[in-house]
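*Asks:* Starting off with a structure, shown below.
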Protein chains: 2
Amino acid sequence: VVKILVIGATGTIGQAVVNELAPRHEILHAGRSRAPLRVDITSEASLRELFGSVGKIDAIVCAAGNAHFGPLQTMTADQFKIGLDDKLLGQVQLALIGAEHLTDGGSITLTSGILSREPVKNGANASTVNAAIEGFVRAAAIELPRGIRINAVSPTVVVESLPIYGPYFRGFEAAPVQRVAYAYAKSVEGAQTGQVYCVG
Amino acid sequence: VVKILVIGATGTIGQAVVNELAPRHEILHAGRSRAPLRVDITSEASLRELFGSVGKIDAIVCAAGNAHFGPLQTMTADQFKIGLDDKLLGQVQLALIGAEHLTDGGSITLTSGILSREPVKNGANASTVNAAIEGFVRAAAIELPRGIRINAVSPTVVVESLPIYGPYFRGFEAAPVQRVAYAYAKSVEGAQTGQVYCVG
């Protein structure tokens with residue numbers, strides 16, 4: 001049994017990750033507005049408050065973070081910054097601060113997404129941010145101390161989110177969210193580091 | 001003969017790109033402090049002023065942009081933002097604004113770097129930013145209007161920069177800057193889009 005902090009625990013992917021890991025481990029549920037532990041990953045103060053309150057943990061899973069969707073031709077720098085500040089820098093800050101609160105050999109699992117390798121219209125911000133997260137994970141893996149590992153899960157659109165995201169992902173084979181949850185378990189309960197687990 | 005705006009024209013790579021393209025094309029030399037045309041790619045106002053002054057152009061090459069180098073364990077969000085604001089968002093803004101000033105079928109060529117795929121210690125910010133640029137180029141390529149193309153050149157360390165960057169890149173085979181310049185010519189004078197031309 002290890003102690004796992006799941007951020008975005010009430011989201012579609014987060015819930016599936018919790019369901020997959022809860023039978024074997026202790027789960028701390030965190031999120032922006034609905035989970036028992038509140039955290040805003042874009043705020044260093046909020047992250048420090050969260051980690052101060054939970055003590056040492058063995059694994060961090062992040063299934064949270066927003067990017068901007070919209071046409072490239074009218075995209076402004078401020079719109080582009082949404083993904084940079086939230087899904088990218090939010091997860092990077094989580095990793096940098098979270099690493100201090102992990103036990104030796106602990107792990108960090110971030111979320112990128114299939115748009116890093118297969119772009120869609122209106123998705124330039126997400127493609128950029130997802131690719132960035134994958135680059136960060138490869139690099140951070142070789143510098144994290146005390147045997148701490150870091151990986152990313154890069155899922156395709158999930159079946160359960162098709163009502164919302166389906167129109168963006170025509171022609172993509174959707175993955176059941178359970179299959180995506182396995183990738184998070186592989187990261188947390190496996191032994192690899194610096195990996196991008198692509199699902200779909 | 002096409003009209004090519006080269007940003008970072010006085011840098012090691014920029015000079016080589018100019019030397020490669022100048023015999024066949026008209027070159028506009030731009031840069032932060034030493035080139036005839038001054039531009040700060042992190043400033044939208046500066047970019048708009050530049051493009052307002054040069055009129056319609058056929059190609060944009062960017063060989064400019066900084067990232068932060070330093071240990072992951074002590075890296076702050078503000079340090080991490082250096083690369084996000086400069087090499088990443090600077091080049092993204094250049095592409096978004098520059099596209100409006102390109103002729104039909106024009107091209108944009110950005111610069112990423114080998115750290116996107118092969119990380120080194122102290123290079124987490126550069127790995128992230130370089131991967132992000134490659135994700136952006138793949139995505140922007142499918143949305144740019146009027147046949148405008150966009151690619152990235154992702155060079156290894158160049159021989160001519162080894163006195164400065166060599167210690168970061170032990171074991172990497174350096175490429176002569178002329179070989180890197182060919183990749184920019186391939187992007188500008190070729191016909192592909194959404195490509196990442198890896199050199200080294």
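Convention: chains lettered A, B, ... in structure tokens order; per-chain residue numbering from 1; ligands numbered from 1 as shown.
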Can you list every residue of chain B that has an atom at most 9 Å from chain A, with its nearest atom pair and the distance in Å to one decimal, using only C-alpha atoms, ordered by chain then number, as CSV?
*Replies:*
residue,atom,partner,partner_atom,distance
B:Glu44,CA,A:Ala77,CA,8.4
B:Pro71,CA,A:Glu143,CA,7.7
B:Leu72,CA,A:Glu143,CA,6.3
B:Gln73,CA,A:Leu96,CA,7.0
B:Thr74,CA,A:Leu96,CA,8.3
B:Met75,CA,A:Leu96,CA,7.5
B:Thr76,CA,A:Leu96,CA,8.0
B:Ala77,CA,A:Gln93,CA,6.4
B:Phe80,CA,A:Leu89,CA,8.1
B:Lys81,CA,A:Leu89,CA,8.1
B:Leu84,CA,A:Leu84,CA,7.5
B:Leu89,CA,A:Ala77,CA,7.4
B:Val92,CA,A:Ala77,CA,8.1
B:Gln93,CA,A:Ala77,CA,6.4
B:Leu96,CA,A:Gln73,CA,7.0
B:Ala99,CA,A:Gln73,CA,8.6
B:Glu100,CA,A:Gln73,CA,8.7
B:Leu115,CA,A:Gly135,CA,8.1
B:Ser116,CA,A:Gly135,CA,5.5
B:Arg117,CA,A:Gly135,CA,7.0
B:Glu118,CA,A:Ala139,CA,7.9
B:Pro119,CA,A:Ala139,CA,4.9
B:Val120,CA,A:Ala139,CA,6.8
B:Lys121,CA,A:Glu143,CA,6.3
B:Asn122,CA,A:Glu143,CA,7.9
B:Gly123,CA,A:Ala139,CA,6.9
B:Ala124,CA,A:Ala139,CA,5.0
B:Asn125,CA,A:Phe136,CA,7.2
B:Ala126,CA,A:Phe136,CA,8.6
B:Ser127,CA,A:Gly135,CA,5.2
B:Thr128,CA,A:Gly135,CA,4.5
B:Val129,CA,A:Ala132,CA,6.1
B:Asn130,CA,A:Ala132,CA,7.5
B:Ala131,CA,A:Ala132,CA,5.1
B:Ala132,CA,A:Ala132,CA,4.2
B:Ile133,CA,A:Thr128,CA,6.5
B:Glu134,CA,A:Ala131,CA,7.4
B:Gly135,CA,A:Thr128,CA,4.5
B:Phe136,CA,A:Thr128,CA,4.6
B:Val137,CA,A:Thr128,CA,8.2
B:Arg138,CA,A:Pro119,CA,6.6
B:Ala139,CA,A:Pro119,CA,4.9
B:Ala140,CA,A:Ala124,CA,5.9
B:Ile142,CA,A:Lys121,CA,6.9
B:Glu143,CA,A:Leu72,CA,6.3
B:Leu144,CA,A:Gln73,CA,7.0
B:Pro145,CA,A:Gln73,CA,7.9
*Asks:* Give me, as a PyMOL selection string, all polymer residues having an atom no more than 12 Å from A:Ser187, counting only C-alpha atoms and skipping those fewer than 2 positions away in the same chain.
*Replies:* chain A and resi 17+21+59-62+106-111+148-154+180-185+189-198
*Asks:* Which residues in chain B does DSSP call strand (DSSP E)? List them as a PyMOL selection string.
*Replies:* chain B and resi 3-7+26-31+37-38+57-62+102-111+149-155+196-199
*Asks:* What's around A:Arg34 at 10 Å? Count only C-alpha atoms, leave out sequence neighbours fewer than 5 positions away in its own chain, and write the answer as a ChimeraX atom specification.
*Replies:* /A:8-11,29
*Asks:* Limited to N, CA and C atoms, could you put the picked residues into a file as a short mmCIF file (atom, residue, chain, number, x, y, z; two decimals), in the first residue's frame?
*Replies:*
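The result, stored in out-v6.cif:
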data_model
loop_
_atom_site.label_atom_id
_atom_site.label_comp_id
_atom_site.auth_asym_id
_atom_site.auth_seq_id
_atom_site.Cartn_x
_atom_site.Cartn_y
_atom_site.Cartn_z
N GLY A 8 -7.17 16.21 -9.78
CA GLY A 8 -8.18 16.04 -10.84
C GLY A 8 -8.98 14.77 -10.59
N ALA A 9 -9.13 14.44 -9.30
CA ALA A 9 -9.70 13.14 -8.90
C ALA A 9 -11.16 12.98 -9.26
N THR A 10 -11.86 14.09 -9.51
CA THR A 10 -13.28 13.99 -9.82
C THR A 10 -13.56 14.06 -11.33
N GLY A 11 -12.51 14.25 -12.13
CA GLY A 11 -12.68 14.28 -13.58
C GLY A 11 -12.87 12.87 -14.14
N HIS A 29 -7.70 12.38 -2.53
CA HIS A 29 -8.42 12.99 -3.65
C HIS A 29 -8.28 14.51 -3.63
#
*Asks:* Between atom CA of B:Ser46 and atom CA of B:Asp104, measure the distance and give it in Å to one decimal.
*Replies:*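 One can read the atom CA of B:Ser46 to atom CA of B:Asp104 distance as 23.6 Å.
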*Asks:* Would you give me, as a PyMOL selection string, the residues in stretch 16-72 of chain A that DSSP reads as helix (DSSP H, G or I)?
*Replies:* chain A and resi 16-21+44-54+72
*Asks:* Excluding stretch 171-173 of chain B and any residue of its chain fewer than 3 positions from it, enumerate the residues within 12 Å of it, using only C-alpha atoms, and give them as a compact mmCIF listing (two decimals) with N, CA and C atoms, in the first residue's frame.
*Replies:*
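Generated file (part-v5.txt):
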# COMPACT_ATOMS: atom_id res chain seq x y z
N ILE B 114 17.84 19.63 -30.21
CA ILE B 114 17.96 18.20 -29.93
C ILE B 114 17.51 17.83 -28.52
N LEU B 115 17.53 18.80 -27.59
CA LEU B 115 17.14 18.46 -26.21
C LEU B 115 15.68 18.03 -26.12
N GLU B 118 16.64 14.28 -26.66
CA GLU B 118 17.75 13.75 -25.86
C GLU B 118 18.08 14.75 -24.77
N PRO B 119 17.55 14.53 -23.57
CA PRO B 119 17.77 15.51 -22.49
C PRO B 119 19.18 15.48 -21.94
N VAL B 120 19.59 16.60 -21.36
CA VAL B 120 20.84 16.68 -20.61
C VAL B 120 20.55 17.32 -19.26
N PRO B 155 18.33 21.33 -34.30
CA PRO B 155 19.74 20.98 -34.43
C PRO B 155 20.35 20.41 -33.15
N THR B 156 21.37 19.60 -33.32
CA THR B 156 22.26 19.23 -32.21
C THR B 156 23.14 20.46 -31.95
N VAL B 157 24.05 20.34 -31.00
CA VAL B 157 24.99 21.43 -30.74
C VAL B 157 25.85 21.62 -32.00
N VAL B 158 26.14 22.88 -32.34
CA VAL B 158 26.93 23.11 -33.55
C VAL B 158 28.41 23.25 -33.18
N VAL B 159 29.25 22.77 -34.09
CA VAL B 159 30.70 22.77 -33.86
C VAL B 159 31.18 24.15 -33.42
N LEU B 162 30.77 25.00 -29.73
CA LEU B 162 31.30 24.09 -28.71
C LEU B 162 32.08 24.81 -27.61
N TYR B 165 28.93 25.86 -25.46
CA TYR B 165 27.93 24.87 -25.07
C TYR B 165 28.47 23.45 -24.94
N GLY B 166 29.71 23.24 -25.35
CA GLY B 166 30.28 21.89 -25.31
C GLY B 166 30.08 21.17 -23.98
N PRO B 167 30.33 21.84 -22.84
CA PRO B 167 30.21 21.14 -21.56
C PRO B 167 28.81 20.59 -21.28
N TYR B 168 27.78 21.20 -21.86
CA TYR B 168 26.42 20.70 -21.69
C TYR B 168 26.17 19.45 -22.54
N PRO B 176 28.57 20.69 -38.01
CA PRO B 176 29.04 21.98 -38.54
C PRO B 176 27.83 22.85 -38.84
N VAL B 199 18.82 17.76 -37.17
CA VAL B 199 20.19 17.76 -37.66
C VAL B 199 21.09 17.28 -36.53
N GLY B 200 21.71 16.12 -36.75
CA GLY B 200 22.65 15.61 -35.75
C GLY B 200 22.04 14.51 -34.92
